[in-house]
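Enquirer: Structure: run.cif, mmCIF, C-alpha atoms.
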data_target
#
loop_
_atom_site.group_PDB
_atom_site.id
_atom_site.type_symbol
_atom_site.label_atom_id
_atom_site.label_comp_id
_atom_site.auth_asym_id
_atom_site.auth_seq_id
_atom_site.Cartn_x
_atom_site.Cartn_y
_atom_site.Cartn_z
ATOM 1 C CA MET A 1 -74.306 -1.181 133.060
ATOM 2 C CA GLN A 2 -72.202 0.820 135.514
ATOM 3 C CA LYS A 3 -68.494 -0.042 135.586
ATOM 4 C CA LEU A 4 -66.101 0.444 138.486
ATOM 5 C CA LEU A 5 -63.687 3.235 137.623
ATOM 6 C CA PRO A 6 -60.035 2.897 138.754
ATOM 7 C CA PRO A 7 -60.092 5.673 141.404
ATOM 8 C CA TYR A 8 -62.977 3.884 143.121
ATOM 9 C CA LEU A 9 -61.106 0.570 143.033
ATOM 10 C CA TYR A 10 -58.146 2.432 144.578
ATOM 11 C CA LEU A 11 -60.323 3.745 147.423
ATOM 12 C CA ILE A 12 -61.961 0.344 147.961
ATOM 13 C CA THR A 13 -58.510 -1.267 148.076
ATOM 14 C CA LEU A 14 -57.245 1.327 150.542
ATOM 15 C CA ALA A 15 -60.279 0.704 152.779
ATOM 16 C CA ALA A 16 -59.807 -3.073 152.494
ATOM 17 C CA MET A 17 -56.158 -2.694 153.487
ATOM 18 C CA GLY A 18 -57.138 -0.568 156.491
ATOM 19 C CA ILE A 19 -59.848 -2.974 157.625
ATOM 20 C CA THR A 20 -57.561 -5.976 157.166
ATOM 21 C CA CYS A 21 -54.795 -4.189 159.040
ATOM 22 C CA TRP A 22 -57.180 -3.340 161.874
ATOM 23 C CA LEU A 23 -58.576 -6.888 162.091
ATOM 24 C CA PHE A 24 -55.086 -8.410 162.217
ATOM 25 C CA SER A 25 -53.369 -5.687 164.230
ATOM 26 C CA ASN A 26 -50.855 -8.059 165.802
ATOM 27 C CA ALA A 27 -49.386 -9.041 162.418
ATOM 28 C CA HIS A 28 -47.439 -5.840 161.719
ATOM 29 C CA LEU A 29 -43.785 -6.090 160.745
ATOM 30 C CA VAL A 30 -42.814 -2.399 160.933
ATOM 31 C CA THR A 31 -43.513 -0.260 163.976
ATOM 32 C CA TYR A 32 -43.437 3.442 164.719
ATOM 33 C CA PRO A 33 -41.416 5.497 163.760
ATOM 34 C CA TYR A 34 -40.101 3.308 160.920
ATOM 35 C CA ASN A 35 -43.571 2.963 159.408
ATOM 36 C CA LEU A 36 -43.535 6.715 158.656
ATOM 37 C CA ILE A 37 -41.339 6.033 155.614
ATOM 38 C CA GLY A 38 -44.602 4.938 154.011
ATOM 39 C CA LEU A 39 -45.994 8.485 154.063
ATOM 40 C CA PRO A 40 -43.662 9.988 151.416
ATOM 41 C CA ILE A 41 -44.096 6.833 149.310
ATOM 42 C CA ALA A 42 -47.894 7.164 149.494
ATOM 43 C CA ILE A 43 -47.661 10.854 148.611
ATOM 44 C CA LEU A 44 -45.274 10.125 145.732
ATOM 45 C CA GLY A 45 -47.768 7.667 144.261
ATOM 46 C CA ILE A 46 -50.611 10.170 144.501
ATOM 47 C CA VAL A 47 -48.442 12.852 142.882
ATOM 48 C CA VAL A 48 -47.446 10.531 140.000
ATOM 49 C CA SER A 49 -51.121 9.723 139.332
ATOM 50 C CA GLY A 50 -52.115 13.374 139.595
ATOM 51 C CA VAL A 51 -49.388 14.611 137.265
ATOM 52 C CA ALA A 52 -50.312 11.957 134.685
ATOM 53 C CA LYS A 53 -53.994 12.891 134.908
ATOM 54 C CA ARG A 54 -53.086 16.558 134.515
ATOM 55 C CA THR A 55 -51.198 15.672 131.304
ATOM 56 C CA PHE A 56 -54.413 14.133 129.975
ATOM 57 C CA SER A 57 -56.397 17.215 131.012
ATOM 58 C CA GLN A 58 -53.943 19.627 129.377
ATOM 59 C CA LEU A 59 -54.264 17.708 126.104
ATOM 60 C CA ASN A 60 -58.055 17.404 126.409
ATOM 61 C CA ALA A 61 -57.594 13.637 126.177
ATOM 62 C CA ASN A 62 -60.224 11.220 127.441
ATOM 63 C CA VAL A 63 -59.186 9.935 130.866
ATOM 64 C CA LEU A 64 -62.201 7.670 131.498
ATOM 65 C CA THR A 65 -61.186 4.031 131.224
ATOM 66 C CA PHE A 66 -64.224 2.674 129.405
ATOM 67 C CA ASN A 67 -64.699 5.518 126.914
ATOM 68 C CA GLU A 68 -63.074 5.537 123.492
ATOM 69 C CA PRO A 69 -59.512 6.883 123.585
ATOM 70 C CA SER A 70 -59.312 10.322 122.008
ATOM 71 C CA GLN A 71 -55.548 10.487 121.479
ATOM 72 C CA LEU A 72 -52.300 8.682 122.136
ATOM 73 C CA VAL A 73 -50.544 10.423 125.020
ATOM 74 C CA THR A 74 -46.787 9.782 125.041
ATOM 75 C CA GLN A 75 -45.325 12.787 126.840
ATOM 76 C CA GLY A 76 -44.613 13.501 130.475
ATOM 77 C CA ALA A 77 -44.775 10.425 132.690
ATOM 78 C CA PHE A 78 -46.093 8.448 129.709
ATOM 79 C CA GLN A 79 -42.540 8.458 128.295
ATOM 80 C CA TYR A 80 -41.547 6.065 131.095
ATOM 81 C CA SER A 81 -44.715 4.084 131.785
ATOM 82 C CA ARG A 82 -47.732 3.421 129.603
ATOM 83 C CA ASN A 83 -49.834 3.492 132.772
ATOM 84 C CA PRO A 84 -48.427 6.042 135.220
ATOM 85 C CA MET A 85 -51.823 6.676 136.821
ATOM 86 C CA TYR A 86 -52.178 3.011 137.752
ATOM 87 C CA LEU A 87 -48.517 2.832 138.745
ATOM 88 C CA GLY A 88 -49.038 5.828 141.022
ATOM 89 C CA PHE A 89 -52.075 4.197 142.618
ATOM 90 C CA ALA A 90 -50.094 1.001 143.282
ATOM 91 C CA VAL A 91 -47.114 2.908 144.736
ATOM 92 C CA SER A 92 -49.477 4.914 146.928
ATOM 93 C CA LEU A 93 -51.159 1.750 148.220
ATOM 94 C CA LEU A 94 -47.742 0.265 148.997
ATOM 95 C CA GLY A 95 -46.845 3.427 150.902
ATOM 96 C CA PHE A 96 -50.068 3.220 152.897
ATOM 97 C CA ASN A 97 -49.354 -0.429 153.692
ATOM 98 C CA ILE A 98 -45.947 0.569 155.076
ATOM 99 C CA LEU A 99 -47.573 3.406 157.009
ATOM 100 C CA MET A 100 -50.009 0.875 158.493
ATOM 101 C CA GLY A 101 -47.066 -1.205 159.679
ATOM 102 C CA VAL A 102 -46.575 -3.646 156.789
ATOM 103 C CA SER A 103 -49.177 -6.244 157.469
ATOM 104 C CA LEU A 104 -48.573 -9.130 155.065
ATOM 105 C CA ILE A 105 -52.279 -9.986 155.080
ATOM 106 C CA ALA A 106 -53.039 -6.362 154.112
ATOM 107 C CA LEU A 107 -50.798 -6.812 151.067
ATOM 108 C CA LEU A 108 -53.457 -9.115 149.593
ATOM 109 C CA PRO A 109 -55.804 -6.248 148.633
ATOM 110 C CA LEU A 110 -52.831 -4.440 147.057
ATOM 111 C CA LEU A 111 -51.928 -7.522 145.027
ATOM 112 C CA MET A 112 -55.567 -7.884 144.003
ATOM 113 C CA PHE A 113 -55.566 -4.227 142.906
ATOM 114 C CA ILE A 114 -52.518 -4.832 140.706
ATOM 115 C CA VAL A 115 -53.969 -7.992 139.144
ATOM 116 C CA ILE A 116 -57.383 -6.424 138.517
ATOM 117 C CA THR A 117 -55.771 -3.296 137.076
ATOM 118 C CA ASP A 118 -53.423 -5.265 134.833
ATOM 119 C CA ARG A 119 -55.902 -7.876 133.636
ATOM 120 C CA TRP A 120 -59.071 -5.796 133.432
ATOM 121 C CA TYR A 121 -58.430 -2.065 133.039
ATOM 122 C CA ILE A 122 -55.127 -2.140 131.188
ATOM 123 C CA ARG A 123 -56.131 -5.053 128.964
ATOM 124 C CA PHE A 124 -59.352 -3.215 128.019
ATOM 125 C CA GLU A 125 -57.489 0.034 127.329
ATOM 126 C CA GLU A 126 -54.757 -1.657 125.301
ATOM 127 C CA LEU A 127 -57.294 -3.339 123.035
ATOM 128 C CA ALA A 128 -59.028 0.002 122.467
ATOM 129 C CA MET A 129 -55.704 1.739 121.810
ATOM 130 C CA HIS A 130 -54.579 -0.945 119.333
ATOM 131 C CA LYS A 131 -57.908 -0.683 117.551
ATOM 132 C CA LYS A 132 -57.802 3.120 117.353
ATOM 133 C CA PHE A 133 -54.088 3.839 116.800
ATOM 134 C CA GLY A 134 -52.752 0.599 115.286
ATOM 135 C CA LYS A 135 -49.043 0.621 114.421
ATOM 136 C CA LYS A 136 -48.435 3.921 116.183
ATOM 137 C CA TYR A 137 -49.601 2.370 119.458
ATOM 138 C CA ALA A 138 -47.675 -0.864 118.782
ATOM 139 C CA LEU A 139 -44.483 1.184 118.339
ATOM 140 C CA TYR A 140 -45.194 3.041 121.592
ATOM 141 C CA CYS A 141 -45.696 -0.314 123.369
ATOM 142 C CA ALA A 142 -42.361 -1.536 122.027
ATOM 143 C CA GLN A 143 -40.607 1.562 123.411
ATOM 144 C CA VAL A 144 -42.345 2.028 126.763
ATOM 145 C CA ARG A 145 -43.100 -0.609 129.412
ATOM 146 C CA ARG A 146 -46.603 -1.325 130.660
ATOM 147 C CA TRP A 147 -45.854 -0.475 134.298
ATOM 148 C CA LEU A 148 -42.257 0.691 134.687
#
For this file, write the structure as structure tokens.
Expert:
Amino acid sequence: MQKLLPPYLYLITLAAMGITCWLFSNAHLVTYPYNLIGLPIAILGIVVSGVAKRTFSQLNANVLTFNEPSQLVTQGAFQYSRNPMYLGFAVSLLGFNILMGVSLIALLPLLMFIVITDRWYIRFEELAMHKKFGKKYALYCAQVRRWL
């Protein structure tokens, strides 16, 4: 069975936000040029996700959500968030929503992304990490927040 990987959910969410924004174009709260503040926020989110992924790559750690974790990564951005890749995706989506003019209806896909990520991806990963790393992972969870 094929499972939806987080980057694809991110892209689907971004498309859903764009379509929703386009369909309800009169419901924007922020207009040009103020909406441009969303661009650096979107870029920041992408950078946070990219830097966290690079940390995994440098350590030859498994980055695929549904594969068995190969090691407990606690350095870099993982000192501040147990899920900086997901956090970066969410920040980026928020930035794109601002860039699109802050449509409240377009916030729904973003909220759905956060709920799906928290309740499906993160829950799955945390169970696998507890199973594989036990007390070491429990200690890490006690020291570092899930999101931020």
Enquirer: Given the file shown, enumerate the residues that the PyMOL selection byres ((chain A and resi 34-46) around 8) captures and present them as a list in words.
Expert: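 Applying the expression gives Val30, Thr31, Tyr32, Pro33, Val47, Val48, Ser49, Gly50, Leu87, Gly88, Phe89, Ala90, Val91, Ser92, Leu93, Leu94, Gly95, Phe96, Asn97, Ile98, Leu99, Met100, Gly101 and Val102 of chain A.
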Enquirer: Quick check on the file I pasted: which residues fall under the PyMOL selection byres ((chain A and resi 55) around 12)? Write them as a list in words.
Expert: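 On the file shown, the PyMOL selection byres ((chain A and resi 55) around 12) covers Val48, Ser49, Gly50, Val51, Ala52, Lys53, Arg54, Phe56, Ser57, Gln58, Leu59, Asn60, Ala61, Asn62, Val63, Gln71, Leu72, Val73, Thr74, Gln75, Gly76, Ala77, Phe78, Gln79, Pro84 and Met85 of chain A.
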Enquirer: Put the listed atoms of range 73-85 of chain A in a box along x, y and z with 8 Å added on every side and give me the centre and edge lengths in Å to one decimal, as AutoDock Vina command-line options.
Expert:
--center_x -46.7 --center_y 8.5 --center_z 130.9 --size_x 26.3 --size_y 26.1 --size_z 27.8
Enquirer: Check which residues of range 25-61 of chain A sit at most 8 Å from range 103-106 of chain A using all atoms listed in the file, and return one row each with the closest pair of atoms and their distance in Å to one decimal, ordered by chain and rising number, as a Markdown table.
Expert:
| residue | atom | partner | partner_atom | distance |
| --- | --- | --- | --- | --- |
| A:Ser25 | CA | A:Ser103 | CA | 8.0 |
| A:Ala27 | CA | A:Ser103 | CA | 5.7 |
| A:His28 | CA | A:Ser103 | CA | 4.6 |
| A:Leu29 | CA | A:Ser103 | CA | 6.3 |
Enquirer: Give me the result of the PyMOL selection byres ((chain A and resi 3) around 12) on this file, residue by residue, as a PyMOL selection string.
Expert: chain A and resi 1-2+4-9+64-67+120-121
Enquirer: Counting only C-alpha atoms, figure out which residue out of A:Ser81, A:Thr117, A:Asn26, A:Thr20 gets nearest to Ala142 in chain A.
Expert: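 Comparing A:Ser81, A:Thr117, A:Asn26, A:Thr20 against Ala142 in chain A, the winner is A:Ser81.
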Enquirer: Counting all atoms listed in the file, what is within 7 Å of Arg145 in chain A, bar same-chain residues fewer than 2 positions away, as an MDAnalysis selection string?
Expert: chainID A and resid 81:82 141 143 147:148
Enquirer: Pick from A:Ile116, A:Met129, A:Leu107, A:Ile122: nearest to Gly18 in chain A, with all atoms listed in the file counted?
Expert: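 Distance minimum relative to Gly18 in chain A lands on A:Leu107.
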Enquirer: Between CA of Asn83 in chain A and CA of Ala16 in chain A, what is the distance, to one decimal in Å?
Expert: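 Between CA of Asn83 in chain A and CA of Ala16 in chain A the gap works out to 23.1 Å.
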Enquirer: Rounded to one decimal place, report the CA of Lys136 in chain A-CA of Tyr86 in chain A distance in Å.
Expert: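 Computing it gives 21.9 Å between the two atoms.
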Enquirer: Using Å and a single decimal, report how far CA of Glu125 in chain A sits from CA of Leu111 in chain A.
Expert: 20.0 Å
Enquirer: Place all heavy atoms on range 54-65 of chain A and deliver the coordinates as an mmCIF file, keeping the file's coordinate frame.
Expert:
data_model
loop_
_atom_site.group_PDB
_atom_site.id
_atom_site.type_symbol
_atom_site.label_atom_id
_atom_site.label_comp_id
_atom_site.auth_asym_id
_atom_site.auth_seq_id
_atom_site.Cartn_x
_atom_site.Cartn_y
_atom_site.Cartn_z
ATOM 1 N N ARG A 54 -53.167 15.175 134.970
ATOM 2 C CA ARG A 54 -53.086 16.558 134.515
ATOM 3 C C ARG A 54 -52.588 16.618 133.069
ATOM 4 O O ARG A 54 -53.047 17.446 132.280
ATOM 5 C CB ARG A 54 -52.197 17.387 135.425
ATOM 6 C CG ARG A 54 -52.263 18.868 135.063
ATOM 7 C CD ARG A 54 -51.520 19.755 136.005
ATOM 8 N NE ARG A 54 -50.196 19.223 136.257
ATOM 9 C CZ ARG A 54 -49.489 19.463 137.340
ATOM 10 N NH1 ARG A 54 -49.969 20.233 138.278
ATOM 11 N NH2 ARG A 54 -48.291 18.941 137.494
ATOM 12 N N THR A 55 -51.667 15.734 132.694
ATOM 13 C CA THR A 55 -51.198 15.672 131.304
ATOM 14 C C THR A 55 -52.370 15.388 130.380
ATOM 15 O O THR A 55 -52.519 16.035 129.343
ATOM 16 C CB THR A 55 -50.106 14.591 131.135
ATOM 17 O OG1 THR A 55 -49.010 14.902 131.993
ATOM 18 C CG2 THR A 55 -49.621 14.499 129.704
ATOM 19 N N PHE A 56 -53.214 14.439 130.759
ATOM 20 C CA PHE A 56 -54.413 14.133 129.975
ATOM 21 C C PHE A 56 -55.308 15.369 129.873
ATOM 22 O O PHE A 56 -55.810 15.699 128.801
ATOM 23 C CB PHE A 56 -55.190 12.986 130.608
ATOM 24 C CG PHE A 56 -54.925 11.648 129.986
ATOM 25 C CD1 PHE A 56 -53.653 11.100 129.994
ATOM 26 C CD2 PHE A 56 -55.939 10.919 129.399
ATOM 27 C CE1 PHE A 56 -53.402 9.871 129.439
ATOM 28 C CE2 PHE A 56 -55.713 9.685 128.827
ATOM 29 C CZ PHE A 56 -54.429 9.152 128.846
ATOM 30 N N SER A 57 -55.516 16.038 130.987
ATOM 31 C CA SER A 57 -56.397 17.215 131.012
ATOM 32 C C SER A 57 -55.855 18.333 130.125
ATOM 33 O O SER A 57 -56.610 18.975 129.394
ATOM 34 C CB SER A 57 -56.566 17.725 132.444
ATOM 35 O OG SER A 57 -57.208 16.759 133.230
ATOM 36 N N GLN A 58 -54.547 18.571 130.184
ATOM 37 C CA GLN A 58 -53.943 19.627 129.377
ATOM 38 C C GLN A 58 -54.091 19.361 127.881
ATOM 39 O O GLN A 58 -54.177 20.297 127.085
ATOM 40 C CB GLN A 58 -52.469 19.788 129.737
ATOM 41 C CG GLN A 58 -52.250 20.401 131.098
ATOM 42 C CD GLN A 58 -50.793 20.345 131.549
ATOM 43 O OE1 GLN A 58 -49.991 19.566 131.033
ATOM 44 N NE2 GLN A 58 -50.461 21.171 132.535
ATOM 45 N N LEU A 59 -54.134 18.086 127.517
ATOM 46 C CA LEU A 59 -54.264 17.708 126.104
ATOM 47 C C LEU A 59 -55.715 17.474 125.698
ATOM 48 O O LEU A 59 -55.989 17.086 124.561
ATOM 49 C CB LEU A 59 -53.444 16.447 125.833
ATOM 50 C CG LEU A 59 -51.934 16.589 126.038
ATOM 51 C CD1 LEU A 59 -51.256 15.231 125.964
ATOM 52 C CD2 LEU A 59 -51.349 17.543 125.013
ATOM 53 N N ASN A 60 -56.631 17.696 126.639
ATOM 54 C CA ASN A 60 -58.055 17.404 126.409
ATOM 55 C C ASN A 60 -58.268 15.966 125.950
ATOM 56 O O ASN A 60 -59.096 15.694 125.088
ATOM 57 C CB ASN A 60 -58.672 18.388 125.407
ATOM 58 C CG ASN A 60 -58.730 19.781 125.968
ATOM 59 O OD1 ASN A 60 -59.055 19.981 127.140
ATOM 60 N ND2 ASN A 60 -58.410 20.762 125.142
ATOM 61 N N ALA A 61 -57.490 15.062 126.508
ATOM 62 C CA ALA A 61 -57.594 13.637 126.177
ATOM 63 C C ALA A 61 -58.596 12.973 127.118
ATOM 64 O O ALA A 61 -58.732 13.365 128.276
ATOM 65 C CB ALA A 61 -56.231 12.966 126.303
ATOM 66 N N ASN A 62 -59.276 11.963 126.625
ATOM 67 C CA ASN A 62 -60.224 11.220 127.441
ATOM 68 C C ASN A 62 -59.474 10.436 128.514
ATOM 69 O O ASN A 62 -58.584 9.649 128.210
ATOM 70 C CB ASN A 62 -61.036 10.260 126.570
ATOM 71 C CG ASN A 62 -61.863 9.310 127.410
ATOM 72 O OD1 ASN A 62 -62.541 9.739 128.338
ATOM 73 N ND2 ASN A 62 -61.788 8.037 127.103
ATOM 74 N N VAL A 63 -59.851 10.630 129.765
ATOM 75 C CA VAL A 63 -59.186 9.935 130.866
ATOM 76 C C VAL A 63 -60.045 8.778 131.391
ATOM 77 O O VAL A 63 -59.554 7.943 132.140
ATOM 78 C CB VAL A 63 -58.825 10.929 131.997
ATOM 79 C CG1 VAL A 63 -60.065 11.377 132.737
ATOM 80 C CG2 VAL A 63 -57.798 10.346 132.935
ATOM 81 N N LEU A 64 -61.303 8.708 130.990
ATOM 82 C CA LEU A 64 -62.201 7.670 131.498
ATOM 83 C C LEU A 64 -61.903 6.326 130.842
ATOM 84 O O LEU A 64 -61.928 6.203 129.611
ATOM 85 C CB LEU A 64 -63.661 8.069 131.289
ATOM 86 C CG LEU A 64 -64.099 9.298 132.069
ATOM 87 C CD1 LEU A 64 -65.541 9.666 131.724
ATOM 88 C CD2 LEU A 64 -63.948 9.085 133.563
ATOM 89 N N THR A 65 -61.648 5.347 131.658
ATOM 90 C CA THR A 65 -61.186 4.031 131.224
ATOM 91 C C THR A 65 -62.052 3.404 130.140
ATOM 92 O O THR A 65 -61.536 2.871 129.168
ATOM 93 C CB THR A 65 -61.131 3.083 132.441
ATOM 94 O OG1 THR A 65 -60.237 3.646 133.389
ATOM 95 C CG2 THR A 65 -60.657 1.705 132.053
#
